[in-house]
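Reviewing the structure listed below.
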Amino acid sequence: MNAKTYKKLIANQLNQDFKSAVKIVEIPISQPAVNELLIKNKFAGVNGGFDTLLCRGEVPYINLIPPFDLGVEAVGKVVAMGENVKDFQIGDAVVTTERGGSYREYQVIDANLAVKVREATPELLTLMPTGVSALVALEQVGEMRSNEVVLVTAAAGGTGHIAVQLAKLAGNHVIGTCSSEAKADLLRELGCDRIINYRTENLNQVLKQEYPNGINLIFDCVGKTVFDTCVENLAVRGRLIVIGFISEYAKTIEQITQPRLYHQLFWKAASVRGFLMVHYKEYIAEAGDRLLNLFYTNKLKVAVDPKQFQGIESIPNAVDYLLSGQNCGKVVVRF
């Protein structure tokens with residue numbers, strides 16, 4: 001290892017605009033201490049909504065004062081180890097999912113927080129933590145069963161396309177929403193039963209006409225009017241999981257006036273349930289193992305968006321690209 005310094009992206013100030021909040025800095029490479037690994041990151045996953053909310057100071061469970069590190073999931077290789085590290089070797093491929101560990105060329109991390117994988121490939125960024133979130137949300141919060149109607153919004157996105165497949169593997173009829181024919185093609189490959197391109201079809205009208213008994217389980221990460229439509233079309237005892245609200249990320253929160261939510265939920269005994277992975281940490285390890293097994297046995301396909309982003313400098317553009325809704329699968333930055 002010849003490099004002595006490396007680049008990373010930090011939030012240098014709190015700002016409504018991600019690009020204005022961040023700054024690239026160059027710092028010395030630290031050597032790992034006892035029980036630590038030094039990892040050279042090869043790929044970083046982009047979580048545009050979370051990144052933006054962090055830089056706006058709007059993540060209520062984290063109180064960060066700039067400057068602070070950004071990025072969550074990374075795939076890389078071990079290049080140095082501290083004393084007492086037993087389960088890793090130099091050259092091992094690993095996945096890490098610690099906040100602040102991915103928008104950087106190198107990271108030092110406790111060996112217990114790294115997961116050894118077969119090969120350092122970008123597909124793994126979709127499985128952890130994105131895929132883990134989908135699995136835990138569907139099973140623990142949504143109480144996913146078999147033989148139900150499941151709706152996944154933004155179904156061709158990084159989280160959505162995993163949720164579609166998990167719902168299918170559980171034996172459900174799956175509806176997926178998307179915004180382009182390219183995304184619809186991906187959903188067809190994944191076995192989605194009904195694909196609704198909301199640019200060419202009216203979501204509310206389709207649901208009312210084709211699913212008059214309502215939707216049993218909804219996995220929504222879009223928000224705004226899509227959320228309203230989802231609530232309106234819940235079945236008796238239907239469950240709606242709020243896993244995000246990308247339509248409002250990086251925007252001023254919309255003020256609305258309408259009847260309170262319980263008027264729609266009460267008569268159907270339906271429910272709206274929020275999901276945040278930080279509150280379900282006890283399920284992460286098992287869910288990760290299960291997803292890796294599904295992936296390695298070809299039971300789960302992973303889509304990585306084909307648009308290339310190279311280097312730390314490209315991260316702000318990658319965040320913008322994801323928030324624009326153009327992506328088909330996981331947005332990845334390569335180092």
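Here's how to read the names in the structure tokens: chain A, B, ... by the order shown, residue numbers from 1 in each chain, ligand numbers from 1 in the order shown.
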Q: Show which residues sit within 12 Å of segment 37-40 of chain A, as JSON, numbers by chain. Count only C-alpha atoms, and ignore same-chain residues fewer than 2 positions away.
A: {"A": [1, 3, 5, 6, 7, 29, 30, 31, 32, 33, 34, 35, 42, 43, 44, 74, 75, 76, 77, 78, 79, 80, 81, 82, 83, 84, 85, 86, 87, 88, 89, 90, 91, 92, 93, 94, 95, 96, 101, 102, 103, 104, 105, 106, 107, 108, 109, 110, 111, 112, 113, 114, 115, 116, 120, 334, 335]}
- Task: Mind the document's chain letters and residue numbers, and return as a ChimeraX atom specification the residues of segment 36-136 of chain A that DSSP labels strand (DSSP E).
- Result: /A:36-45,68-69,74-81,93-96,106-110,114-117
List as an NGL selection string the protein and nucleic acid residues near Leu14 of chain A, meaning an atom at most 6 Å away when only C-alpha atoms are counted, but skip any in the same chain fewer than 3 places from it. :A and (21 or 55-56)
Please list as a PyMOL selection string every residue within 12 Å of Ala269 of chain A, counting only C-alpha atoms and excluding residues in the same chain fewer than 6 positions away.
chain A and resi 216+231+234-240+262-263
For the selection you just gave me, I'd like the residues written to a file as an mmCIF file, in the first residue's frame, keeping all heavy atoms.
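To be explicit, this is the file written out as again31.cif:
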```
data_model
loop_
_atom_site.group_PDB
_atom_site.id
_atom_site.type_symbol
_atom_site.label_atom_id
_atom_site.label_comp_id
_atom_site.auth_asym_id
_atom_site.auth_seq_id
_atom_site.Cartn_x
_atom_site.Cartn_y
_atom_site.Cartn_z
ATOM 1 N N ASN A 216 -53.551 -5.599 0.489
ATOM 2 C CA ASN A 216 -53.282 -6.117 1.831
ATOM 3 C C ASN A 216 -52.043 -5.509 2.473
ATOM 4 O O ASN A 216 -52.032 -5.199 3.672
ATOM 5 C CB ASN A 216 -53.122 -7.636 1.792
ATOM 6 C CG ASN A 216 -54.301 -8.336 1.175
ATOM 7 O OD1 ASN A 216 -54.209 -8.898 0.083
ATOM 8 N ND2 ASN A 216 -55.456 -8.299 1.853
ATOM 9 N N VAL A 231 -53.175 4.832 1.061
ATOM 10 C CA VAL A 231 -54.062 4.764 2.222
ATOM 11 C C VAL A 231 -55.506 4.527 1.779
ATOM 12 O O VAL A 231 -56.225 3.693 2.338
ATOM 13 C CB VAL A 231 -53.964 6.056 3.070
ATOM 14 C CG1 VAL A 231 -55.047 6.068 4.154
ATOM 15 C CG2 VAL A 231 -52.583 6.176 3.710
ATOM 16 N N LEU A 234 -56.187 0.768 0.813
ATOM 17 C CA LEU A 234 -55.893 -0.340 1.721
ATOM 18 C C LEU A 234 -57.103 -1.260 1.852
ATOM 19 O O LEU A 234 -58.246 -0.811 1.863
ATOM 20 C CB LEU A 234 -55.517 0.189 3.107
ATOM 21 C CG LEU A 234 -54.071 0.632 3.315
ATOM 22 C CD1 LEU A 234 -53.927 1.371 4.652
ATOM 23 C CD2 LEU A 234 -53.124 -0.568 3.283
ATOM 24 N N ALA A 235 -56.832 -2.550 1.988
ATOM 25 C CA ALA A 235 -57.889 -3.529 2.220
ATOM 26 C C ALA A 235 -58.277 -3.541 3.694
ATOM 27 O O ALA A 235 -57.620 -2.911 4.534
ATOM 28 C CB ALA A 235 -57.395 -4.918 1.801
ATOM 29 N N VAL A 236 -59.334 -4.259 4.005
ATOM 30 C CA VAL A 236 -59.665 -4.493 5.403
ATOM 31 C C VAL A 236 -58.477 -5.187 6.063
ATOM 32 O O VAL A 236 -57.930 -6.156 5.536
ATOM 33 C CB VAL A 236 -60.939 -5.356 5.518
ATOM 34 C CG1 VAL A 236 -61.163 -5.796 6.965
ATOM 35 C CG2 VAL A 236 -62.148 -4.581 5.000
ATOM 36 N N ARG A 237 -58.040 -4.647 7.182
ATOM 37 C CA ARG A 237 -56.861 -5.121 7.926
ATOM 38 C C ARG A 237 -55.569 -4.978 7.102
ATOM 39 O O ARG A 237 -54.586 -5.662 7.354
ATOM 40 C CB ARG A 237 -57.046 -6.571 8.397
ATOM 41 C CG ARG A 237 -58.194 -6.710 9.397
ATOM 42 C CD ARG A 237 -58.480 -8.145 9.785
ATOM 43 N NE ARG A 237 -57.361 -8.748 10.515
ATOM 44 C CZ ARG A 237 -57.399 -9.971 11.044
ATOM 45 N NH1 ARG A 237 -58.501 -10.704 10.933
ATOM 46 N NH2 ARG A 237 -56.360 -10.459 11.674
ATOM 47 N N GLY A 238 -55.599 -4.067 6.140
ATOM 48 C CA GLY A 238 -54.404 -3.808 5.348
ATOM 49 C C GLY A 238 -53.338 -3.080 6.155
ATOM 50 O O GLY A 238 -53.641 -2.374 7.130
ATOM 51 N N ARG A 239 -52.083 -3.249 5.740
ATOM 52 C CA ARG A 239 -50.954 -2.622 6.430
ATOM 53 C C ARG A 239 -50.142 -1.817 5.425
ATOM 54 O O ARG A 239 -49.792 -2.334 4.358
ATOM 55 C CB ARG A 239 -50.028 -3.665 7.076
ATOM 56 C CG ARG A 239 -50.674 -4.481 8.190
ATOM 57 C CD ARG A 239 -51.309 -5.766 7.714
ATOM 58 N NE ARG A 239 -50.339 -6.685 7.125
ATOM 59 C CZ ARG A 239 -50.662 -7.629 6.244
ATOM 60 N NH1 ARG A 239 -51.908 -7.768 5.814
ATOM 61 N NH2 ARG A 239 -49.727 -8.442 5.763
ATOM 62 N N LEU A 240 -49.834 -0.591 5.759
ATOM 63 C CA LEU A 240 -49.007 0.259 4.909
ATOM 64 C C LEU A 240 -47.716 0.578 5.658
ATOM 65 O O LEU A 240 -47.754 1.139 6.760
ATOM 66 C CB LEU A 240 -49.746 1.555 4.549
ATOM 67 C CG LEU A 240 -49.136 2.442 3.454
ATOM 68 C CD1 LEU A 240 -50.190 3.403 2.903
ATOM 69 C CD2 LEU A 240 -47.936 3.242 3.931
ATOM 70 N N TYR A 262 -57.229 8.774 10.800
ATOM 71 C CA TYR A 262 -58.031 7.709 11.409
ATOM 72 C C TYR A 262 -59.394 7.546 10.757
ATOM 73 O O TYR A 262 -60.009 6.481 10.854
ATOM 74 C CB TYR A 262 -58.160 7.885 12.920
ATOM 75 C CG TYR A 262 -58.629 9.236 13.406
ATOM 76 C CD1 TYR A 262 -59.933 9.681 13.199
ATOM 77 C CD2 TYR A 262 -57.759 10.061 14.116
ATOM 78 C CE1 TYR A 262 -60.362 10.915 13.676
ATOM 79 C CE2 TYR A 262 -58.172 11.299 14.590
ATOM 80 C CZ TYR A 262 -59.474 11.719 14.370
ATOM 81 O OH TYR A 262 -59.885 12.935 14.843
ATOM 82 N N HIS A 263 -59.873 8.570 10.078
ATOM 83 C CA HIS A 263 -61.152 8.429 9.376
ATOM 84 C C HIS A 263 -61.075 7.386 8.264
ATOM 85 O O HIS A 263 -62.064 6.733 7.940
ATOM 86 C CB HIS A 263 -61.582 9.776 8.785
ATOM 87 C CG HIS A 263 -61.999 10.780 9.809
ATOM 88 N ND1 HIS A 263 -63.162 10.687 10.527
ATOM 89 C CD2 HIS A 263 -61.364 11.894 10.268
ATOM 90 C CE1 HIS A 263 -63.255 11.697 11.362
ATOM 91 N NE2 HIS A 263 -62.175 12.450 11.234
#
```
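If you count only C-alpha atoms and ignore residues fewer than 4 places along the chain from Val164 of chain A, what sits within 10 Å of it is Ala134, Val150, Leu151, Val152, Thr153, Ala155, Ala156, Thr159, Gly160, Lys168, Leu169, Asn172, His173, Val174, Ile175, Gly176, Leu187, Leu190, Gly191, Cys192, Asp193 and Phe219 of chain A.
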Now that the selection is made, can you save its residues with C-alpha atoms as a JSON list (two decimals), in the first residue's frame?
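Final file, part09.json:
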```
[["chain", "number", "residue", "atom", "x", "y", "z"],
["A", 134, "ALA", "CA", -36.69, -4.32, 2.76],
["A", 150, "VAL", "CA", -48.67, -6.51, -2.13],
["A", 151, "LEU", "CA", -47.97, -3.08, -3.63],
["A", 152, "VAL", "CA", -44.41, -1.72, -3.86],
["A", 153, "THR", "CA", -43.97, 1.92, -4.88],
["A", 155, "ALA", "CA", -40.47, -0.67, -7.36],
["A", 156, "ALA", "CA", -37.47, -0.41, -9.69],
["A", 159, "THR", "CA", -34.94, -0.93, -2.12],
["A", 160, "GLY", "CA", -38.07, -1.47, -4.19],
["A", 168, "LYS", "CA", -42.89, -12.87, -4.73],
["A", 169, "LEU", "CA", -40.72, -15.44, -2.93],
["A", 172, "ASN", "CA", -47.82, -13.07, -3.07],
["A", 173, "HIS", "CA", -49.38, -11.19, -6.00],
["A", 174, "VAL", "CA", -47.12, -8.15, -6.42],
["A", 175, "ILE", "CA", -47.94, -4.77, -7.96],
["A", 176, "GLY", "CA", -45.06, -2.42, -8.70],
["A", 187, "LEU", "CA", -39.90, -5.33, -13.06],
["A", 190, "LEU", "CA", -38.27, -9.81, -11.60],
["A", 191, "GLY", "CA", -41.70, -11.39, -11.97],
["A", 192, "CYS", "CA", -43.87, -8.43, -10.96],
["A", 193, "ASP", "CA", -47.52, -9.40, -11.58],
["A", 219, "PHE", "CA", -44.42, -0.85, 0.86]]
```
